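Visitor: Input structure: work-v5.tsv, which contains TSV, C-alpha atoms.
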```tsv
chain	number	residue	atom	x	y	z
A	1	TRP	CA	17.11	6.46	22.21
A	2	GLU	CA	14.17	8.45	20.86
A	3	GLY	CA	15.72	9.31	17.51
A	4	ILE	CA	14.99	12.56	15.71
A	5	HIS	CA	12.53	14.80	17.53
A	6	PRO	CA	9.22	14.95	15.60
A	7	ASP	CA	9.48	18.74	15.32
A	8	LYS	CA	12.70	18.25	13.33
A	9	TYR	CA	11.96	14.96	11.59
A	10	VAL	CA	10.57	16.33	8.31
A	11	ASP	CA	13.52	18.64	7.73
A	12	TRP	CA	15.86	15.75	8.57
A	13	ILE	CA	14.40	13.15	6.19
A	14	LEU	CA	13.42	15.32	3.20
A	15	PRO	CA	16.98	15.48	1.79
A	16	PHE	CA	17.03	11.67	1.70
A	17	ILE	CA	13.70	11.57	-0.11
A	18	LYS	CA	14.85	14.10	-2.69
A	19	GLU	CA	17.86	11.88	-3.44
A	20	LEU	CA	15.54	8.88	-3.77
A	21	TYR	CA	13.58	10.77	-6.40
A	22	ARG	CA	16.79	11.57	-8.28
A	23	ILE	CA	17.90	7.94	-8.61
A	24	LEU	CA	14.51	6.24	-9.02
A	25	LYS	CA	13.57	4.81	-12.40
A	26	PRO	CA	10.39	6.17	-14.05
A	27	SER	CA	8.84	2.73	-13.50
A	28	GLY	CA	9.94	2.59	-9.87
A	29	SER	CA	8.17	3.33	-6.62
A	30	PHE	CA	9.11	4.62	-3.18
A	31	ILE	CA	7.42	2.80	-0.28
A	32	LEU	CA	7.40	4.72	3.00
A	33	ASN	CA	6.33	2.82	6.12
A	34	ILE	CA	6.07	5.26	9.02
A	35	ASN	CA	4.16	5.87	12.20
A	36	ASP	CA	3.55	8.91	14.40
A	37	CYS	CA	4.16	9.21	18.12
A	38	ILE	CA	2.62	10.66	21.26
A	39	LYS	CA	3.93	13.99	22.54
A	40	ASN	CA	2.26	15.80	25.46
A	41	LYS	CA	-0.52	13.17	25.42
A	42	CYS	CA	-1.48	13.95	21.79
A	43	ARG	CA	-0.59	12.58	18.37
A	44	HIS	CA	2.16	14.63	16.74
A	45	PRO	CA	1.16	15.50	13.12
A	46	TYR	CA	4.66	15.26	11.59
A	47	VAL	CA	3.62	12.34	9.34
A	48	PHE	CA	0.99	14.49	7.65
A	49	GLU	CA	3.42	17.37	7.35
A	50	LEU	CA	5.91	15.04	5.70
A	51	VAL	CA	3.45	13.73	3.10
A	52	TYR	CA	2.33	17.27	2.28
A	53	ARG	CA	5.88	18.57	1.90
A	54	VAL	CA	7.00	15.59	-0.19
A	55	SER	CA	4.14	16.37	-2.57
A	56	LYS	CA	4.96	20.10	-2.63
A	57	GLU	CA	8.78	20.10	-2.51
A	58	THR	CA	9.54	17.15	-4.79
A	59	SER	CA	8.03	15.83	-8.00
A	60	PHE	CA	6.93	12.62	-6.32
A	61	GLN	CA	3.28	11.69	-6.89
A	62	LEU	CA	1.32	10.15	-4.01
A	63	TYR	CA	-0.04	7.04	-5.70
A	64	GLU	CA	-1.69	5.49	-2.65
A	65	ARG	CA	-1.92	5.60	1.12
A	66	LEU	CA	-2.29	2.29	2.90
A	67	PHE	CA	-2.72	1.20	6.49
A	68	TRP	CA	-0.72	-1.70	7.85
A	69	ASN	CA	-2.83	-3.57	10.40
A	70	LYS	CA	-0.21	-5.22	12.61
A	71	MET	CA	-3.06	-7.13	14.29
A	72	LYS	CA	-1.51	-6.90	17.74
A	73	GLY	CA	0.05	-4.33	20.03
A	74	LEU	CA	0.56	-3.33	23.63
A	75	PRO	CA	-2.49	-1.96	25.47
A	76	ALA	CA	-2.40	1.68	26.54
A	77	ASN	CA	-4.16	3.20	29.53
A	78	LYS	CA	-6.84	5.71	28.45
A	79	ARG	CA	-5.86	5.45	24.75
A	80	PHE	CA	-7.04	3.46	21.77
A	81	GLY	CA	-4.93	0.39	21.07
A	82	ASP	CA	-2.46	1.38	18.35
A	83	ARG	CA	-2.19	-1.47	15.84
A	84	VAL	CA	-1.92	0.45	12.57
A	85	GLU	CA	1.01	2.09	10.78
A	86	TYR	CA	0.96	4.20	7.62
A	87	VAL	CA	2.32	3.05	4.26
A	88	PHE	CA	2.61	5.70	1.55
A	89	VAL	CA	3.36	4.71	-2.04
A	90	PHE	CA	5.05	7.43	-4.08
A	91	CYS	CA	6.01	7.28	-7.74
A	92	LYS	CA	7.56	9.42	-10.48
A	93	ASP	CA	4.88	8.68	-13.05
A	94	ALA	CA	1.71	6.80	-12.17
A	95	LYS	CA	1.23	5.79	-15.81
A	96	LYS	CA	4.68	4.20	-16.00
A	97	MET	CA	4.92	2.78	-12.48
A	98	LYS	CA	5.27	-0.97	-12.27
A	99	ILE	CA	2.57	-2.67	-10.19
A	100	ASN	CA	1.72	-6.36	-10.08
A	101	ILE	CA	-1.71	-6.20	-8.51
A	102	ASP	CA	-2.33	-9.94	-8.85
A	103	GLU	CA	0.68	-10.58	-6.58
A	104	MET	CA	-1.03	-8.54	-3.87
A	105	ARG	CA	-4.40	-10.26	-3.92
A	106	VAL	CA	-5.79	-11.61	-0.66
A	107	PRO	CA	-7.67	-14.83	0.17
A	108	TYR	CA	-11.42	-14.72	-0.41
A	109	THR	CA	-13.81	-14.81	2.53
A	110	GLU	CA	-16.40	-17.57	2.65
A	111	GLY	CA	-19.09	-14.96	1.97
A	112	ALA	CA	-17.33	-13.78	-1.17
A	113	LEU	CA	-17.02	-17.33	-2.48
A	114	ASP	CA	-20.72	-17.90	-1.82
A	115	ARG	CA	-21.57	-14.81	-3.88
A	116	TYR	CA	-19.62	-16.21	-6.82
A	117	LYS	CA	-22.03	-19.15	-6.91
A	118	LYS	CA	-25.00	-16.87	-7.59
A	119	PRO	CA	-25.76	-15.50	-11.08
A	120	ILE	CA	-25.72	-11.72	-11.43
A	121	ARG	CA	-27.60	-9.51	-13.84
A	122	LYS	CA	-25.42	-6.47	-13.48
A	123	ARG	CA	-21.97	-5.91	-12.20
A	124	PHE	CA	-20.56	-2.59	-11.03
A	125	VAL	CA	-16.87	-1.86	-10.68
A	126	ARG	CA	-14.91	1.17	-9.53
A	127	ASN	CA	-12.37	2.74	-11.87
A	128	GLU	CA	-9.08	4.37	-10.92
A	129	ASP	CA	-10.77	7.73	-10.35
A	130	GLY	CA	-13.07	6.23	-7.74
A	131	LYS	CA	-16.21	6.38	-9.88
A	132	ASP	CA	-18.58	3.43	-10.27
A	133	HIS	CA	-19.60	2.18	-13.68
A	134	GLU	CA	-21.45	-0.83	-15.00
A	135	LYS	CA	-19.38	-3.61	-16.48
A	136	PRO	CA	-20.77	-6.02	-19.09
A	137	ASN	CA	-22.02	-9.22	-17.51
A	138	LYS	CA	-19.58	-12.08	-18.06
A	139	ASP	CA	-18.84	-15.32	-16.31
A	140	TRP	CA	-18.03	-14.36	-12.74
A	141	LYS	CA	-15.29	-16.62	-11.44
A	142	PRO	CA	-12.94	-16.35	-8.47
A	143	HIS	CA	-9.41	-15.29	-9.33
A	144	PRO	CA	-6.88	-18.04	-8.49
A	145	ASN	CA	-4.80	-15.54	-6.46
A	146	GLY	CA	-7.75	-14.27	-4.41
A	147	GLY	CA	-9.65	-10.99	-4.19
A	148	LEU	CA	-8.29	-7.58	-5.08
A	149	PRO	CA	-6.34	-5.93	-2.23
A	150	THR	CA	-7.70	-3.09	-0.17
A	151	THR	CA	-5.97	-0.17	1.50
A	152	LEU	CA	-5.89	-2.19	4.75
A	153	VAL	CA	-2.90	-4.55	4.71
A	154	ASN	CA	-3.48	-7.27	7.29
A	155	ILE	CA	-0.11	-8.79	8.14
A	156	CYS	CA	0.69	-9.71	11.72
A	157	SER	CA	3.82	-8.21	13.24
A	158	GLN	CA	6.19	-10.62	14.92
A	159	THR	CA	8.80	-10.80	17.61
A	160	ARG	CA	11.72	-13.04	16.77
A	161	LYS	CA	15.48	-13.13	17.05
A	162	VAL	CA	17.54	-12.27	13.99
A	163	ALA	CA	21.05	-13.75	13.83
A	164	ASP	CA	20.67	-14.88	17.47
A	165	SER	CA	21.29	-11.38	18.78
A	166	HIS	CA	18.63	-8.89	17.68
A	167	VAL	CA	14.88	-8.97	18.29
A	168	ALA	CA	12.97	-7.82	15.18
A	169	VAL	CA	9.26	-7.01	14.96
A	170	PHE	CA	9.28	-6.05	11.27
A	171	PRO	CA	7.88	-9.14	9.49
A	172	GLU	CA	9.51	-10.43	6.32
A	173	LYS	CA	6.05	-11.25	4.98
A	174	PHE	CA	5.26	-7.51	5.01
A	175	VAL	CA	8.34	-6.73	2.90
A	176	ASP	CA	7.54	-9.64	0.56
A	177	TYR	CA	4.13	-8.13	-0.09
A	178	PHE	CA	5.51	-4.87	-1.49
A	179	ILE	CA	8.52	-6.35	-3.29
A	180	LYS	CA	6.29	-8.78	-5.18
A	181	GLY	CA	3.72	-6.06	-5.81
A	182	PHE	CA	5.99	-3.34	-7.17
A	183	THR	CA	8.99	-5.18	-8.68
A	184	ASP	CA	9.79	-8.10	-10.96
A	185	GLU	CA	12.52	-10.69	-10.65
A	186	ASN	CA	16.03	-9.27	-11.19
A	187	ASP	CA	14.86	-5.71	-10.41
A	188	LEU	CA	16.87	-3.68	-7.92
A	189	VAL	CA	15.46	-2.98	-4.45
A	190	LEU	CA	17.04	-0.21	-2.36
A	191	ASP	CA	16.72	0.18	1.42
A	192	ILE	CA	18.54	3.23	2.77
A	193	PHE	CA	17.80	2.35	6.42
A	194	ALA	CA	18.52	-1.37	6.24
A	195	GLY	CA	18.58	-2.18	9.96
A	196	THR	CA	19.07	-5.93	10.32
A	197	GLY	CA	18.55	-6.59	6.62
A	198	THR	CA	14.96	-7.79	6.39
A	199	THR	CA	14.57	-6.11	2.98
A	200	GLY	CA	17.71	-7.87	1.79
A	201	SER	CA	16.49	-11.24	3.06
A	202	SER	CA	13.17	-10.83	1.22
A	203	SER	CA	14.89	-9.63	-1.95
A	204	LYS	CA	17.25	-12.60	-1.98
A	205	LYS	CA	14.40	-15.05	-1.44
A	206	LEU	CA	12.32	-13.45	-4.23
A	207	ASN	CA	15.18	-13.29	-6.76
A	208	ARG	CA	15.59	-9.51	-6.66
A	209	ASN	CA	18.85	-7.62	-6.55
A	210	CYS	CA	19.22	-5.49	-3.44
A	211	LEU	CA	21.29	-2.55	-2.25
A	212	LEU	CA	21.32	-2.01	1.52
A	213	ILE	CA	22.64	1.06	3.32
A	214	GLU	CA	23.24	0.92	7.08
A	215	LYS	CA	25.67	2.99	9.19
A	216	ASP	CA	25.51	0.90	12.39
A	217	LYS	CA	28.43	-1.52	12.27
A	218	GLY	CA	26.70	-3.97	14.57
A	219	TYR	CA	23.70	-4.15	12.25
A	220	CYS	CA	26.04	-4.56	9.26
A	221	GLU	CA	27.52	-7.65	10.88
A	222	ILE	CA	24.01	-9.04	11.43
A	223	ILE	CA	23.19	-8.39	7.77
A	224	LYS	CA	26.32	-10.23	6.62
A	225	GLU	CA	25.50	-13.22	8.79
A	226	ARG	CA	21.82	-13.20	7.82
A	227	LEU	CA	22.45	-12.94	4.06
A	228	GLU	CA	25.56	-15.14	4.19
A	229	ILE	CA	27.79	-12.55	2.54
```
What would the structure in this file look like if it were written as structure tokens?
Guide:
Amino acid sequence: WEGIHPDKYVDWILPFIKELYRILKPSGSFILNINDCIKNKCRHPYVFELVYRVSKETSFQLYERLFWNKMKGLPANKRFGDRVEYVFVFCKDAKKMKINIDEMRVPYTEGALDRYKKPIRKRFVRNEDGKDHEKPNKDWKPHPNGGLPTTLVNICSQTRKVADSHVAVFPEKFVDYFIKGFTDENDLVLDIFAGTGTTGSSSKKLNRNCLLIEKDKGYCEIIKERLEI
């Protein structure tokens, strides 16, 4: 089953996104993980059309665009290996949006740790507007959670059985990353295309409340078994 044709996808999903805006808290965020597809040997641009129309036809603000490096994928003849998917972070109000950046830090490289051992005379940092400025020289120490995250999210996809009946490639670690980064304990996480309940599994593990919506009865049974409900 190929799903919604890319020519019709944006018109199909926009009503859902408008409803998400309506119910989202001012401090909340909408995380959209999506990928494009090949039609007539070329990349179909519906993802870019969707982001543009969300920005123009709703009051959502595009806070960030990230790239999920799945780190593996099937080879393709006469094409570049496709190992990246898009992740767009939308919000109602960037000043009020909840973000726990320290929960999204990544392990330091050996080179970065070596640089921490050397004294520095000046230190330059980049502010939220992308401009560099000099920061007063203070003790330069590694953060216990690692280095600040980049727009490249390196989390390996996986192939495993869920509830002994369904093969899932969407890694729970990927969902953990965004739940920890954009919510606190006891917050409510909503997944309107729940599938086999990976978002629910992560939410339960991380002490978040979760609301899952899924129309496929078979998937609903998997969710019940997986979440023990």
Visitor: Ranking A:Thr151, A:Ser27, A:Ala94, A:Glu49 by minimum distance to Arg65 of chain A and counting only C-alpha atoms, which one comes first?
Guide: A:Thr151
Visitor: For a test of reading the model, state the distance in Å between atom CA of Lys56 of chain A and atom CA of Pro149 of chain A, rounded to one decimal.
Guide: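 Atom CA of Lys56 of chain A sits 28.4 Å away from atom CA of Pro149 of chain A.
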Visitor: Restricting the calculation to all atoms listed in the file: of A:Asp129, A:Asp102, A:Glu225, A:Asp184, which residue gets closest to Gly197 of chain A?
Guide: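 The answer is A:Glu225, which sits nearest to Gly197 of chain A.
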Visitor: For the atom pair atom CA of Leu24 of chain A and atom CA of Glu64 of chain A, what is the interatomic distance in Å to one decimal place?
Guide: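 Value for the atom CA of Leu24 of chain A-atom CA of Glu64 of chain A distance: 17.4 Å.
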Visitor: So that I can check the surroundings of Phe90 of chain A, please list as a list in words every protein, DNA and RNA residue that reaches within 10 Å of it, counting all atoms listed in the file and ignoring chain neighbours fewer than 6 positions away.
Guide: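 The residues satisfying every condition are Tyr21, Gly28, Ser29, Phe30, Ile31, Leu32, Val51, Val54, Ser55, Ser59, Phe60, Gln61, Leu62, Tyr63, Glu64, Arg65 and Met97 of chain A.
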Visitor: Rounded to one decimal in Å, what is the spacing between atom CA of Asn33 of chain A and atom CA of Ile229 of chain A?
Guide: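 These atoms are spaced 26.6 Å apart.
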Visitor: Please provide as a PDB file with C-alpha atoms, keeping the file's coordinate frame all residues within 8 Å of Leu66 of chain A, with the sequence filter that same-chain residues fewer than 4 positions apart are discarded (counting all atoms listed in the file).
Guide:
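Result file follows (result21.pdb):
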```
ATOM      1  CA  TYR A  86       0.960   4.200   7.620  1.00  0.00           C
ATOM      2  CA  VAL A  87       2.320   3.050   4.260  1.00  0.00           C
ATOM      3  CA  PHE A  88       2.610   5.700   1.550  1.00  0.00           C
ATOM      4  CA  VAL A  89       3.360   4.710  -2.040  1.00  0.00           C
ATOM      5  CA  THR A 151      -5.970  -0.170   1.500  1.00  0.00           C
ATOM      6  CA  LEU A 152      -5.890  -2.190   4.750  1.00  0.00           C
ATOM      7  CA  VAL A 153      -2.900  -4.550   4.710  1.00  0.00           C
TER       8      VAL A 153
END
```
Visitor: Of the candidates A:Ile155, A:Ile38, A:Cys91, A:Asp176, which one gets nearest to Glu103 of chain A if we count all atoms listed in the file?
Guide: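 Looking only at the distances to Glu103 of chain A, the closest residue turns out to be A:Asp176.
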Visitor: Determine the nearest neighbour of Asn77 of chain A from the options A:Lys18, A:Lys41, A:Lys215, A:Lys224, counting only C-alpha atoms.
Guide: A:Lys41
Visitor: Between A:Arg115, A:Lys98, A:Arg79, A:His143, which is the closest to Pro26 of chain A once you count all atoms listed in the file?
Guide: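 Using all atoms listed in the file, Pro26 of chain A sits closest to A:Lys98.
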Visitor: Out of A:Phe80, A:Ile101, A:Lys131, A:Pro144, which residue has the shortest atom-to-atom distance to Arg43 of chain A when counting all atoms listed in the file?
Guide: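 Among the listed residues, A:Phe80 lies closest to Arg43 of chain A.
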Visitor: Need the neighbours of (14.3, 11.2, 3.2): which residues are at most 12 Å away, counting only C-alpha atoms, as a list in words?
Guide: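 I get Tyr9, Val10, Asp11, Trp12, Ile13, Leu14, Pro15, Phe16, Ile17, Lys18, Glu19, Leu20, Tyr21, Arg22, Phe30, Ile31, Leu32, Asn33, Ile34, Leu50, Val51, Arg53, Val54, Glu57, Thr58, Asp191, Ile192 and Phe193 of chain A for the residues within 12 Å of that point.
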Visitor: Report as a list of chain:residue names all protein, DNA and RNA residues lying within 8 Å of Pro142 of chain A, evaluated on only C-alpha atoms, omitting residues in the same chain fewer than 2 positions from it.
Guide: A:Leu113, A:Tyr116, A:Trp140, A:Pro144, A:Gly146, A:Gly147
Visitor: Can I get the selection written as an mmCIF file, in the frame of the given file, with C-alpha atoms?
Guide:
```cif
data_model
loop_
_atom_site.group_PDB
_atom_site.id
_atom_site.type_symbol
_atom_site.label_atom_id
_atom_site.label_comp_id
_atom_site.auth_asym_id
_atom_site.auth_seq_id
_atom_site.Cartn_x
_atom_site.Cartn_y
_atom_site.Cartn_z
ATOM 1 C CA LEU A 113 -17.020 -17.330 -2.480
ATOM 2 C CA TYR A 116 -19.620 -16.210 -6.820
ATOM 3 C CA TRP A 140 -18.030 -14.360 -12.740
ATOM 4 C CA PRO A 144 -6.880 -18.040 -8.490
ATOM 5 C CA GLY A 146 -7.750 -14.270 -4.410
ATOM 6 C CA GLY A 147 -9.650 -10.990 -4.190
#
```
